[in-house]
$ cat target.cif   # mmCIF, C-alpha atoms
data_entry
#
loop_
_atom_site.label_atom_id
_atom_site.label_comp_id
_atom_site.auth_asym_id
_atom_site.auth_seq_id
_atom_site.Cartn_x
_atom_site.Cartn_y
_atom_site.Cartn_z
CA MET O 98 -6.73 2.05 -39.17
CA THR O 99 -5.50 -1.13 -37.50
CA ASP O 100 -6.78 -3.34 -34.71
CA THR O 101 -3.30 -3.93 -33.32
CA VAL O 102 -1.20 -1.78 -30.99
CA ASP O 103 2.34 -0.60 -31.63
CA PRO O 104 3.99 -1.01 -28.20
CA THR O 105 6.95 1.18 -29.23
CA ALA O 106 4.60 4.17 -29.40
CA ALA O 107 3.79 3.96 -25.71
CA GLY O 108 6.72 5.99 -24.42
CA GLY O 109 6.78 5.99 -20.62
CA ASP O 110 3.39 4.29 -20.50
CA ARG O 111 4.75 0.81 -21.06
CA ILE O 112 5.94 -2.32 -19.33
CA ALA O 113 9.72 -2.27 -19.10
CA ALA O 114 10.51 -5.42 -17.09
CA MET O 115 8.98 -8.66 -15.87
CA LYS O 116 10.19 -10.94 -13.08
CA ILE O 117 8.67 -14.31 -12.22
CA TRP O 118 8.93 -16.57 -9.17
CA LEU O 119 7.78 -20.17 -8.86
CA ILE O 120 7.24 -20.63 -5.13
CA GLU O 121 6.10 -23.27 -2.67
CA SER O 122 4.42 -22.54 0.66
CA PRO O 123 3.67 -24.89 3.57
CA ILE O 124 0.07 -25.20 4.77
CA MET O 125 -1.19 -25.73 8.31
CA MET O 126 -3.71 -28.46 7.58
CA ALA O 127 -4.59 -31.08 4.99
CA ARG O 128 -7.54 -30.32 2.72
CA GLN O 129 -9.76 -33.13 1.45
CA GLN O 130 -11.97 -32.28 -1.53
CA GLY O 131 -13.95 -34.20 -4.09
CA VAL O 132 -11.62 -33.70 -7.05
CA GLY O 133 -8.35 -33.96 -5.15
CA ASP O 134 -6.55 -33.66 -1.84
CA VAL O 135 -3.90 -31.18 -0.75
CA LYS O 136 -1.42 -31.51 2.08
CA GLY O 137 2.03 -30.32 3.02
CA THR O 138 2.59 -27.49 0.54
CA VAL O 139 1.01 -25.59 -2.32
CA LYS O 140 2.77 -24.09 -5.35
CA ARG O 141 1.98 -20.88 -7.16
CA VAL O 142 3.61 -18.26 -9.41
CA LEU O 143 4.26 -14.64 -8.52
CA LEU O 144 4.83 -11.92 -11.09
CA GLN O 145 6.30 -8.44 -10.81
CA LEU O 146 5.97 -5.93 -13.64
CA THR O 147 7.90 -2.67 -13.69
CA SER O 148 6.84 0.31 -15.79
CA ALA O 149 9.26 2.45 -17.79
CA GLU O 150 8.92 5.09 -15.08
CA GLY O 151 9.82 2.61 -12.33
CA VAL O 152 6.41 1.77 -10.81
CA THR O 153 6.00 -1.90 -9.86
CA GLY O 154 2.88 -4.03 -9.86
CA TRP O 155 2.24 -7.56 -8.67
CA GLY O 156 0.20 -10.48 -9.93
CA GLU O 157 -0.23 -14.14 -9.05
CA ALA O 158 -1.09 -17.34 -10.91
CA ALA O 159 -2.39 -20.14 -8.70
CA PRO O 160 -3.68 -23.05 -10.76
CA TRP O 161 -4.54 -26.41 -9.24
CA GLU O 162 -3.48 -29.44 -11.25
CA VAL O 163 -6.83 -31.23 -10.93
CA PHE O 164 -8.84 -28.10 -11.72
CA THR O 165 -7.14 -25.81 -14.24
CA GLY O 166 -3.46 -26.72 -14.66
CA THR O 167 -0.08 -26.67 -12.92
CA ALA O 168 2.02 -23.90 -11.43
CA GLU O 169 5.00 -25.08 -13.48
CA ALA O 170 2.99 -24.68 -16.70
CA ALA O 171 1.90 -21.17 -15.69
CA TYR O 172 5.54 -20.28 -14.96
CA ALA O 173 6.63 -21.53 -18.39
CA ALA O 174 3.73 -19.75 -20.12
CA LEU O 175 4.77 -16.44 -18.58
CA ASP O 176 8.47 -16.86 -19.20
CA ILE O 177 8.47 -18.34 -22.69
CA TYR O 178 5.34 -17.02 -24.39
CA LEU O 179 3.76 -14.08 -22.56
CA ARG O 180 6.89 -12.15 -21.65
CA GLU O 181 7.41 -11.14 -25.28
CA VAL O 182 3.85 -9.79 -25.41
CA ALA O 183 4.07 -7.90 -22.13
CA ILE O 184 7.43 -6.17 -22.48
CA GLY O 185 6.85 -2.82 -24.14
CA TRP O 186 3.07 -3.05 -23.97
CA PRO O 187 1.18 0.18 -23.08
CA LEU O 188 0.00 -0.02 -19.48
CA SER O 189 -3.13 1.97 -20.27
CA ASN O 190 -4.33 -0.68 -22.72
CA ILE O 191 -5.13 -3.69 -20.55
CA ARG O 192 -7.85 -5.01 -22.86
CA GLY O 193 -5.44 -4.93 -25.75
CA ALA O 194 -2.84 -6.82 -23.72
CA MET O 195 -5.33 -9.55 -22.81
CA ALA O 196 -6.37 -9.92 -26.46
CA ALA O 197 -2.74 -10.07 -27.56
CA MET O 198 -1.98 -12.78 -24.97
CA ASP O 199 -5.01 -14.76 -26.15
CA ARG O 200 -3.66 -14.57 -29.69
CA ARG O 201 -0.21 -15.63 -28.55
CA MET O 202 -1.34 -18.80 -26.78
CA VAL O 203 -4.49 -20.69 -25.98
CA GLY O 204 -5.55 -21.32 -22.38
CA HIS O 205 -3.31 -20.54 -19.38
CA GLY O 206 -5.84 -18.04 -18.03
CA GLU O 207 -4.07 -17.95 -14.65
CA ALA O 208 -0.84 -16.71 -16.24
CA LYS O 209 -2.70 -14.05 -18.24
CA LEU O 210 -4.56 -13.00 -15.09
CA ALA O 211 -1.22 -12.48 -13.33
CA VAL O 212 -0.12 -10.02 -16.04
CA GLU O 213 -3.48 -8.24 -16.04
CA THR O 214 -3.48 -7.95 -12.24
CA ALA O 215 0.02 -6.44 -12.19
CA MET O 216 -0.99 -3.95 -14.89
CA PHE O 217 -4.03 -2.88 -12.86
CA ASP O 218 -1.81 -2.60 -9.77
CA ILE O 219 0.55 -0.23 -11.58
CA LEU O 220 -2.28 1.86 -13.04
CA GLY O 221 -3.84 2.14 -9.59
CA LYS O 222 -0.58 3.28 -8.02
CA ARG O 223 -0.05 5.84 -10.77
CA SER O 224 -3.58 7.25 -10.47
CA GLY O 225 -4.04 6.90 -6.71
CA LEU O 226 -7.09 4.68 -7.27
CA SER O 227 -7.77 1.16 -6.06
CA VAL O 228 -8.40 -1.64 -8.56
CA ALA O 229 -12.04 -1.66 -7.42
CA GLU O 230 -12.31 1.99 -8.40
CA LEU O 231 -10.64 1.30 -11.75
CA LEU O 232 -13.29 -1.39 -12.32
CA GLY O 233 -16.06 1.13 -11.78
CA GLY O 234 -16.19 1.89 -8.07
CA ARG O 235 -16.83 0.21 -4.76
CA VAL O 236 -20.23 -1.10 -3.78
CA ARG O 237 -19.00 -2.73 -0.56
CA GLU O 238 -16.12 -2.25 1.88
CA ARG O 239 -16.26 -5.70 3.53
CA ILE O 240 -17.09 -9.17 2.27
CA PRO O 241 -18.60 -12.01 4.34
CA LEU O 242 -16.00 -14.77 4.74
CA SER O 243 -16.78 -18.45 4.23
CA PHE O 244 -14.51 -21.09 5.77
CA SER O 245 -14.39 -24.56 4.21
CA ILE O 246 -14.83 -27.60 6.44
CA ALA O 247 -12.37 -29.83 4.55
CA ASP O 248 -9.92 -31.19 7.11
CA PRO O 249 -9.74 -35.03 7.00
CA ASP O 250 -9.90 -34.71 10.80
CA PHE O 251 -13.46 -33.46 11.33
CA GLU O 252 -12.86 -33.03 15.07
CA ALA O 253 -10.16 -30.49 14.25
CA ASP O 254 -12.65 -28.54 12.16
CA MET O 255 -15.19 -28.63 14.98
CA ARG O 256 -12.58 -27.18 17.32
CA ARG O 257 -11.91 -24.42 14.78
CA MET O 258 -15.60 -23.63 14.64
CA GLU O 259 -15.74 -23.39 18.43
CA GLU O 260 -13.21 -20.54 18.14
CA MET O 261 -14.46 -18.96 14.93
CA VAL O 262 -18.21 -18.70 15.60
CA PRO O 263 -17.87 -16.55 18.76
CA ALA O 264 -15.46 -14.32 16.80
CA GLY O 265 -18.15 -13.56 14.21
CA ASN O 266 -17.47 -16.21 11.56
CA THR O 267 -20.83 -17.69 10.65
CA ILE O 268 -20.45 -19.04 7.07
CA PHE O 269 -19.12 -22.60 6.74
CA LYS O 270 -18.97 -24.60 3.54
CA VAL O 271 -18.71 -28.35 4.09
CA LYS O 272 -16.83 -30.46 1.55
CA THR O 273 -19.23 -33.37 1.12
CA GLY O 274 -19.06 -36.51 -0.99
CA VAL O 275 -15.45 -37.26 -0.08
CA LYS O 276 -16.35 -39.45 2.88
CA PRO O 277 -19.22 -41.98 3.00
CA HIS O 278 -22.68 -40.44 2.86
CA ALA O 279 -23.49 -41.66 6.38
CA THR O 280 -20.41 -39.85 7.65
CA ASP O 281 -21.46 -36.63 5.92
CA MET O 282 -24.91 -36.92 7.48
CA ASP O 283 -23.40 -37.42 10.93
CA HIS O 284 -21.11 -34.40 10.53
CA LEU O 285 -23.91 -32.15 9.29
CA SER O 286 -26.13 -33.31 12.13
CA ARG O 287 -23.46 -32.51 14.69
CA MET O 288 -22.84 -29.05 13.24
CA ARG O 289 -26.52 -28.15 13.33
CA ALA O 290 -26.93 -29.64 16.81
CA ARG O 291 -24.00 -27.63 18.16
CA PHE O 292 -24.48 -24.30 16.36
CA GLY O 293 -28.11 -24.41 15.22
CA ASN O 294 -29.20 -21.71 12.81
CA THR O 295 -26.50 -19.31 13.99
CA ILE O 296 -24.34 -20.64 11.13
CA ASP O 297 -24.88 -20.24 7.40
CA LEU O 298 -24.30 -23.82 6.23
CA ARG O 299 -23.29 -24.53 2.64
CA LEU O 300 -22.36 -27.81 0.92
CA ASP O 301 -19.81 -28.44 -1.84
CA TYR O 302 -19.50 -31.82 -3.55
CA ASN O 303 -16.75 -30.81 -6.00
CA GLN O 304 -18.34 -33.10 -8.65
CA ALA O 305 -18.14 -36.11 -6.29
CA LEU O 306 -21.54 -37.63 -7.17
CA GLN O 307 -22.68 -39.31 -10.37
CA PRO O 308 -26.07 -38.19 -11.71
CA PHE O 309 -27.59 -41.66 -11.21
CA GLY O 310 -28.59 -41.85 -7.57
CA ALA O 311 -27.47 -38.33 -6.67
CA LEU O 312 -30.96 -37.03 -6.03
CA ARG O 313 -31.52 -39.42 -3.14
CA VAL O 314 -28.28 -38.27 -1.50
CA LEU O 315 -29.12 -34.60 -2.03
CA ARG O 316 -32.62 -35.01 -0.61
CA ASP O 317 -31.00 -36.33 2.57
CA VAL O 318 -28.63 -33.38 3.00
CA ALA O 319 -31.32 -30.86 2.03
CA ALA O 320 -32.89 -31.59 5.42
CA PHE O 321 -30.10 -29.53 7.02
CA ALA O 322 -31.30 -26.38 5.18
CA PRO O 323 -28.10 -25.47 3.32
CA THR O 324 -27.92 -22.04 1.74
CA PHE O 325 -26.80 -23.77 -1.45
CA ILE O 326 -25.43 -27.06 -2.75
CA GLU O 327 -22.36 -26.53 -4.92
CA GLN O 328 -21.49 -28.64 -7.95
CA PRO O 329 -22.84 -32.03 -6.85
CA VAL O 330 -22.13 -33.77 -10.18
CA PRO O 331 -19.52 -33.58 -12.98
CA ARG O 332 -19.30 -30.29 -14.82
CA ASP O 333 -20.93 -31.56 -18.03
CA ALA O 334 -24.03 -32.97 -16.26
CA LEU O 335 -26.04 -29.78 -16.69
CA ARG O 336 -29.39 -31.48 -17.12
CA ALA O 337 -28.90 -33.19 -13.77
CA LEU O 338 -28.26 -29.79 -12.17
CA ALA O 339 -31.50 -28.52 -13.69
CA GLU O 340 -33.35 -31.55 -12.32
CA PHE O 341 -31.95 -30.96 -8.83
CA ARG O 342 -33.12 -27.32 -8.91
CA THR O 343 -36.66 -28.45 -9.65
CA ALA O 344 -36.77 -31.40 -7.25
CA LEU O 345 -34.97 -30.12 -4.15
CA GLY O 346 -36.09 -26.59 -3.42
CA VAL O 347 -32.47 -25.85 -2.44
CA PRO O 348 -30.38 -23.43 -4.54
CA ILE O 349 -27.78 -25.06 -6.79
CA LEU O 350 -24.47 -23.25 -7.25
CA ALA O 351 -22.35 -24.05 -10.33
CA ASP O 352 -18.57 -23.98 -10.00
CA GLU O 353 -16.77 -26.37 -12.35
CA SER O 354 -19.74 -26.04 -14.73
CA CYS O 355 -19.11 -22.29 -15.08
CA PHE O 356 -15.65 -21.28 -16.22
CA ASP O 357 -16.60 -18.55 -18.67
CA ALA O 358 -19.43 -16.61 -20.25
CA HIS O 359 -20.21 -19.40 -22.72
CA ASP O 360 -20.69 -21.83 -19.83
CA LEU O 361 -22.95 -19.36 -18.04
CA MET O 362 -25.12 -18.86 -21.13
CA GLU O 363 -25.68 -22.62 -21.31
CA LEU O 364 -26.53 -22.80 -17.60
CA ILE O 365 -29.07 -20.04 -18.13
CA ARG O 366 -30.54 -21.74 -21.19
CA LEU O 367 -31.09 -24.98 -19.25
CA ASN O 368 -32.15 -23.28 -15.98
CA ALA O 369 -29.39 -25.32 -14.36
CA ALA O 370 -28.05 -22.96 -11.67
CA ASP O 371 -29.31 -20.51 -9.07
CA ALA O 372 -25.85 -19.03 -8.44
CA ILE O 373 -22.26 -19.32 -9.68
CA SER O 374 -18.83 -19.50 -8.12
CA VAL O 375 -16.58 -16.91 -9.70
CA LYS O 376 -12.86 -17.61 -9.50
CA LEU O 377 -10.47 -15.27 -11.26
CA MET O 378 -8.23 -18.27 -11.97
CA LYS O 379 -11.11 -19.90 -13.87
CA ALA O 380 -12.24 -16.75 -15.67
CA GLY O 381 -8.71 -15.89 -16.75
CA GLY O 382 -8.89 -12.22 -15.92
CA LEU O 383 -10.59 -9.43 -14.00
CA LEU O 384 -12.15 -8.00 -17.14
CA LYS O 385 -13.39 -11.40 -18.29
CA ALA O 386 -14.86 -12.03 -14.85
CA GLN O 387 -16.53 -8.61 -15.00
CA GLY O 388 -18.12 -9.60 -18.32
CA LEU O 389 -19.27 -12.87 -16.77
CA MET O 390 -20.98 -11.01 -13.94
CA ALA O 391 -22.69 -8.65 -16.36
CA ILE O 392 -24.48 -11.66 -17.86
CA ALA O 393 -25.18 -13.12 -14.42
CA GLU O 394 -26.65 -9.86 -13.15
CA THR O 395 -28.92 -9.62 -16.19
CA ALA O 396 -30.17 -13.15 -15.41
CA ARG O 397 -30.53 -12.34 -11.68
CA ILE O 398 -27.93 -14.97 -10.80
CA PRO O 399 -25.71 -13.98 -7.83
CA GLY O 400 -22.01 -14.76 -7.56
CA TYR O 401 -19.85 -16.27 -4.84
CA GLY O 402 -16.12 -15.62 -4.53
CA GLY O 403 -14.51 -19.04 -4.80
CA THR O 404 -10.85 -19.88 -4.44
CA LEU O 405 -8.23 -22.46 -5.33
CA TRP O 406 -4.93 -22.21 -3.42
CA GLU O 407 -4.12 -18.53 -3.90
CA GLY O 408 -2.03 -16.42 -1.61
CA GLY O 409 -2.43 -12.79 -0.64
CA ILE O 410 -1.69 -11.18 -4.01
CA ALA O 411 -4.33 -13.09 -5.96
CA LEU O 412 -6.85 -12.80 -3.15
CA ALA O 413 -6.25 -9.04 -2.99
CA ALA O 414 -7.26 -8.97 -6.65
CA GLY O 415 -10.34 -11.09 -5.85
CA THR O 416 -11.25 -8.81 -2.97
CA GLN O 417 -11.02 -5.71 -5.17
CA PHE O 418 -13.10 -7.45 -7.82
CA ILE O 419 -15.90 -8.40 -5.42
CA ALA O 420 -15.87 -4.89 -3.96
CA ALA O 421 -16.77 -3.52 -7.41
CA MET O 422 -19.39 -6.11 -8.45
CA PRO O 423 -22.91 -5.52 -7.05
CA ASN O 424 -24.07 -9.06 -7.79
CA MET O 425 -21.11 -10.78 -6.05
CA SER O 426 -23.37 -10.95 -3.02
CA LEU O 427 -22.81 -14.43 -1.54
CA GLY O 428 -19.48 -13.73 0.18
CA CYS O 429 -16.08 -15.26 -0.47
CA GLU O 430 -13.87 -18.08 0.74
CA PHE O 431 -10.63 -16.07 0.85
CA TYR O 432 -9.45 -17.72 4.06
CA MET O 433 -6.16 -19.19 2.82
CA PRO O 434 -3.71 -16.49 4.04
CA HIS O 435 -5.16 -16.35 7.55
CA HIS O 436 -6.15 -19.95 8.18
CA VAL O 437 -4.17 -22.29 5.90
CA LEU O 438 -0.88 -20.77 4.75
CA THR O 439 1.75 -20.76 7.49
CA GLU O 440 3.21 -17.62 5.89
CA ASP O 441 2.35 -15.28 3.06
CA VAL O 442 4.40 -12.94 0.89
CA LEU O 443 2.48 -9.78 1.79
CA GLU O 444 4.25 -7.52 4.24
CA GLN O 445 0.88 -7.17 6.00
CA ARG O 446 -2.06 -9.50 5.45
CA ILE O 447 -5.45 -8.18 4.38
CA PRO O 448 -7.51 -7.80 7.56
CA ASN O 449 -10.27 -10.23 8.55
CA GLN O 450 -12.67 -8.76 11.09
CA ALA O 451 -15.80 -10.28 12.64
CA GLY O 452 -16.19 -12.85 9.87
CA HIS O 453 -15.50 -10.44 7.02
CA VAL O 454 -12.64 -9.66 4.65
CA ILE O 455 -11.91 -5.93 4.75
CA VAL O 456 -11.29 -4.45 1.30
CA PRO O 457 -7.90 -2.64 1.18
CA GLN O 458 -8.17 1.12 0.75
CA GLY O 459 -4.78 1.89 -0.81
CA PRO O 460 -4.03 2.44 -4.51
CA GLY O 461 -3.80 -0.52 -6.85
CA LEU O 462 -4.28 -3.79 -5.04
CA GLY O 463 -3.83 -1.98 -1.74
CA ILE O 464 -1.06 -4.34 -0.60
CA SER O 465 2.68 -4.16 -0.04
CA VAL O 466 5.01 -6.80 -1.49
CA THR O 467 8.75 -6.72 -2.04
CA GLU O 468 11.26 -9.17 -3.46
CA GLN O 469 12.55 -9.55 0.09
CA SER O 470 9.13 -10.40 1.49
CA VAL O 471 8.80 -13.06 -1.22
CA ARG O 472 12.12 -14.65 -0.33
CA ASP O 473 11.51 -14.40 3.42
CA ASN O 474 8.06 -16.00 3.31
CA ALA O 475 8.15 -18.69 0.63
CA ARG O 476 10.44 -21.32 -0.74
CA VAL O 477 11.58 -20.04 -4.14
CA LEU O 478 11.84 -22.93 -6.60
CA ALA O 479 12.77 -20.91 -9.71
CA THR O 480 13.06 -17.35 -10.94
CA ALA O 481 13.07 -15.84 -14.41
#
$ encode --input "target.cif" --output "structure tokens"
Amino acid sequence: MTDTVDPTAAGGDRIAAMKIWLIESPIMMARQQGVGDVKGTVKRVLLQLTSAEGVTGWGEAAPWEVFTGTAEAAYAALDIYLREVAIGWPLSNIRGAMAAMDRRMVGHGEAKLAVETAMFDILGKRSGLSVAELLGGRVRERIPLSFSIADPDFEADMRRMEEMVPAGNTIFKVKTGVKPHATDMDHLSRMRARFGNTIDLRLDYNQALQPFGALRVLRDVAAFAPTFIEQPVPRDALRALAEFRTALGVPILADESCFDAHDLMELIRLNAADAISVKLMKAGGLLKAQGLMAIAETARIPGYGGTLWEGGIALAAGTQFIAAMPNMSLGCEFYMPHHVLTEDVLEQRIPNQAGHVIVPQGPGLGISVTEQSVRDNARVLATA
């Protein structure tokens, strides 16, 4: 017996080819967040795998340089290190592929996720099942959509809300801590005055506050009855998070403090979070994120579908994941393709209806992408 896989024994059930694109896409608006700002364009990596029988699958790596890494590093990881693992690997052994990639190189979870996603996409197309069904089955067909109030021009965001709220969008997550506290208070006051309790208001500091003095700031914003306050302090300040939970009476959501299962176990030990933001780019894979949610569900901690700067392929994977996870119950912020990217590589974007993301029904990721749609809808910086 051996704990390794002989890829040559896979026959037709194997990966025959890999193609990679480093792309850049323009965005409609600047985004101002606690750990960094984004304007102009965003970069990401697209991956196409082809099976020995000619079925193609797509994946995407979308790191953010101030959060997890760079798109250029993900591109190099796929081309130089992970390609040799993937080519010839049995498609029906995704867990084995992820373990082999972990042995080949440390980190670069986004790149490994791209390979895993493309493998799931192929398996779904071959079996006629969606990725959600491959993960165990759907528990929801639509996901409440959260839009982030992060434009440096707050008046522009207010105008967006005037259009979005009547259309059924009611969840808004305000990026706080970037501007002076008095400005945040004024903006929150205006939002509540204009829309009252018809909106589900959430706050995200992106680690902008230091533990000393943060409680006074958070007590002020708690007056606006947010559904949760996300990551107010740096990711290693877990005892401060636990203090805020006790003192505020407002749920605390951990994002940067919860990358993986080890992080979650520590949050649980310290009673430092009421909920977690689950990002596939952080978790480094659908299966790893599924394991994370198994722990969270046991601890009665719900999950929220966070995002970095992904396009339609990665967010299709996130949508399928949330559809299959009962405890991913706090919605998602998968608004990039509809509200921020000027164009996306999908031939048809995943529908948003009445403030919800509609989970695709087709096999695999349930999306259609071609090399032509990539070249028509993004600036290709490199291919391999």
$ closest_residue --input "target.cif" --among "O:Met422, O:Gly293, O:Gly409, O:Ile398" --to "Val471 of chain O" --atoms "only C-alpha atoms"
O:Gly409
$ resolve_selection --input "target.cif" --expression "the PyMOL selection byres ((chain O and resi 226) around 10)" --output "list in words"
Phe217, Asp218, Leu220, Gly221, Lys222, Arg223, Ser224, Gly225, Ser227, Val228, Ala229, Glu230, Leu231, Gly234, Gln458, Gly459, Pro460, Gly461, Leu462 and Gly463 of chain O
$ residues_around --input "target.cif" --residues "Leu306 of chain O" --least-positions-apart "2" --cutoff "8 Å" --atoms "only C-alpha atoms" --output "CSV table (one decimal) with C-alpha atoms, keeping the file's coordinate frame"
chain,number,residue,atom,x,y,z
O,274,GLY,CA,-19.1,-36.5,-1.0
O,302,TYR,CA,-19.5,-31.8,-3.6
O,304,GLN,CA,-18.3,-33.1,-8.6
O,308,PRO,CA,-26.1,-38.2,-11.7
O,311,ALA,CA,-27.5,-38.3,-6.7
O,329,PRO,CA,-22.8,-32.0,-6.8
O,330,VAL,CA,-22.1,-33.8,-10.2
O,331,PRO,CA,-19.5,-33.6,-13.0
$ atom_distance --input "target.cif" --atom1 "atom CA of Glu440 of chain O" --atom2 "atom CA of Trp406 of chain O"
13.2 Å
$ resolve_selection --input "target.cif" --expression "the PyMOL selection byres ((chain O and resi 453) around 6)" --output "ChimeraX atom specification"
/O:239-242,449-452,454
$ residues_around --input "target.cif" --residues "segment 112-121 of chain O" --least-positions-apart "5" --cutoff "7 Å" --atoms "all atoms listed in the file" --output "PyMOL selection string"
chain O and resi 138-149+172+183-188+475-481
$ atom_distance --input "target.cif" --atom1 "atom CA of Ile365 of chain O" --atom2 "atom CA of Ala339 of chain O"
9.9 Å
$ decode --input "target.cif" --residues "segment 439-456 of chain O" --atoms "N, CA, C and O atoms" --output "PDB file, in the first residue's frame"
ATOM      1  N   THR O 439     -16.293  46.550 -15.121  1.00  0.00           N
ATOM      2  CA  THR O 439     -16.960  47.069 -16.314  1.00  0.00           C
ATOM      3  C   THR O 439     -17.287  45.947 -17.299  1.00  0.00           C
ATOM      4  O   THR O 439     -18.175  46.085 -18.137  1.00  0.00           O
ATOM      5  N   GLU O 440     -16.555  44.834 -17.178  1.00  0.00           N
ATOM      6  CA  GLU O 440     -16.798  43.681 -18.050  1.00  0.00           C
ATOM      7  C   GLU O 440     -16.292  42.437 -17.337  1.00  0.00           C
ATOM      8  O   GLU O 440     -15.425  42.515 -16.471  1.00  0.00           O
ATOM      9  N   ASP O 441     -16.861  41.301 -17.682  1.00  0.00           N
ATOM     10  CA  ASP O 441     -16.435  40.056 -17.060  1.00  0.00           C
ATOM     11  C   ASP O 441     -16.271  39.013 -18.155  1.00  0.00           C
ATOM     12  O   ASP O 441     -16.812  39.148 -19.259  1.00  0.00           O
ATOM     13  N   VAL O 442     -15.519  37.950 -17.834  1.00  0.00           N
ATOM     14  CA  VAL O 442     -15.174  36.969 -18.867  1.00  0.00           C
ATOM     15  C   VAL O 442     -16.270  35.939 -19.101  1.00  0.00           C
ATOM     16  O   VAL O 442     -16.180  35.164 -20.057  1.00  0.00           O
ATOM     17  N   LEU O 443     -17.284  35.890 -18.258  1.00  0.00           N
ATOM     18  CA  LEU O 443     -18.386  34.961 -18.498  1.00  0.00           C
ATOM     19  C   LEU O 443     -19.171  35.402 -19.722  1.00  0.00           C
ATOM     20  O   LEU O 443     -19.372  36.595 -19.951  1.00  0.00           O
ATOM     21  N   GLU O 444     -19.636  34.432 -20.486  1.00  0.00           N
ATOM     22  CA  GLU O 444     -20.486  34.768 -21.630  1.00  0.00           C
ATOM     23  C   GLU O 444     -21.825  35.317 -21.155  1.00  0.00           C
ATOM     24  O   GLU O 444     -22.444  36.121 -21.847  1.00  0.00           O
ATOM     25  N   GLN O 445     -22.276  34.892 -19.982  1.00  0.00           N
ATOM     26  CA  GLN O 445     -23.494  35.428 -19.375  1.00  0.00           C
ATOM     27  C   GLN O 445     -23.297  35.479 -17.874  1.00  0.00           C
ATOM     28  O   GLN O 445     -22.934  34.480 -17.251  1.00  0.00           O
ATOM     29  N   ARG O 446     -23.512  36.642 -17.275  1.00  0.00           N
ATOM     30  CA  ARG O 446     -23.258  36.794 -15.852  1.00  0.00           C
ATOM     31  C   ARG O 446     -24.292  36.033 -15.022  1.00  0.00           C
ATOM     32  O   ARG O 446     -25.429  35.834 -15.446  1.00  0.00           O
ATOM     33  N   ILE O 447     -23.878  35.622 -13.838  1.00  0.00           N
ATOM     34  CA  ILE O 447     -24.788  34.948 -12.916  1.00  0.00           C
ATOM     35  C   ILE O 447     -25.874  35.930 -12.499  1.00  0.00           C
ATOM     36  O   ILE O 447     -25.571  37.055 -12.094  1.00  0.00           O
ATOM     37  N   PRO O 448     -27.134  35.562 -12.578  1.00  0.00           N
ATOM     38  CA  PRO O 448     -28.208  36.526 -12.313  1.00  0.00           C
ATOM     39  C   PRO O 448     -28.236  37.021 -10.872  1.00  0.00           C
ATOM     40  O   PRO O 448     -27.989  36.270  -9.928  1.00  0.00           O
ATOM     41  N   ASN O 449     -28.541  38.304 -10.728  1.00  0.00           N
ATOM     42  CA  ASN O 449     -28.915  38.918  -9.450  1.00  0.00           C
ATOM     43  C   ASN O 449     -30.374  39.331  -9.574  1.00  0.00           C
ATOM     44  O   ASN O 449     -30.730  40.042 -10.504  1.00  0.00           O
ATOM     45  N   GLN O 450     -31.199  38.888  -8.630  1.00  0.00           N
ATOM     46  CA  GLN O 450     -32.617  39.224  -8.679  1.00  0.00           C
ATOM     47  C   GLN O 450     -33.109  39.609  -7.291  1.00  0.00           C
ATOM     48  O   GLN O 450     -32.906  38.865  -6.328  1.00  0.00           O
ATOM     49  N   ALA O 451     -33.736  40.780  -7.214  1.00  0.00           N
ATOM     50  CA  ALA O 451     -34.372  41.244  -5.969  1.00  0.00           C
ATOM     51  C   ALA O 451     -33.441  41.115  -4.772  1.00  0.00           C
ATOM     52  O   ALA O 451     -33.828  40.623  -3.704  1.00  0.00           O
ATOM     53  N   GLY O 452     -32.195  41.555  -4.949  1.00  0.00           N
ATOM     54  CA  GLY O 452     -31.248  41.538  -3.845  1.00  0.00           C
ATOM     55  C   GLY O 452     -30.682  40.181  -3.513  1.00  0.00           C
ATOM     56  O   GLY O 452     -30.179  39.972  -2.401  1.00  0.00           O
ATOM     57  N   HIS O 453     -30.713  39.250  -4.450  1.00  0.00           N
ATOM     58  CA  HIS O 453     -30.178  37.911  -4.239  1.00  0.00           C
ATOM     59  C   HIS O 453     -29.328  37.481  -5.431  1.00  0.00           C
ATOM     60  O   HIS O 453     -29.588  37.877  -6.573  1.00  0.00           O
ATOM     61  N   VAL O 454     -28.315  36.653  -5.147  1.00  0.00           N
ATOM     62  CA  VAL O 454     -27.569  35.961  -6.190  1.00  0.00           C
ATOM     63  C   VAL O 454     -28.278  34.628  -6.442  1.00  0.00           C
ATOM     64  O   VAL O 454     -28.544  33.872  -5.505  1.00  0.00           O
ATOM     65  N   ILE O 455     -28.568  34.365  -7.702  1.00  0.00           N
ATOM     66  CA  ILE O 455     -29.268  33.126  -8.065  1.00  0.00           C
ATOM     67  C   ILE O 455     -28.229  32.051  -8.385  1.00  0.00           C
ATOM     68  O   ILE O 455     -27.363  32.251  -9.240  1.00  0.00           O
ATOM     69  N   VAL O 456     -28.310  30.931  -7.716  1.00  0.00           N
ATOM     70  CA  VAL O 456     -27.321  29.870  -7.894  1.00  0.00           C
ATOM     71  C   VAL O 456     -27.520  29.209  -9.263  1.00  0.00           C
ATOM     72  O   VAL O 456     -28.624  28.765  -9.586  1.00  0.00           O
TER      73      VAL O 456
END
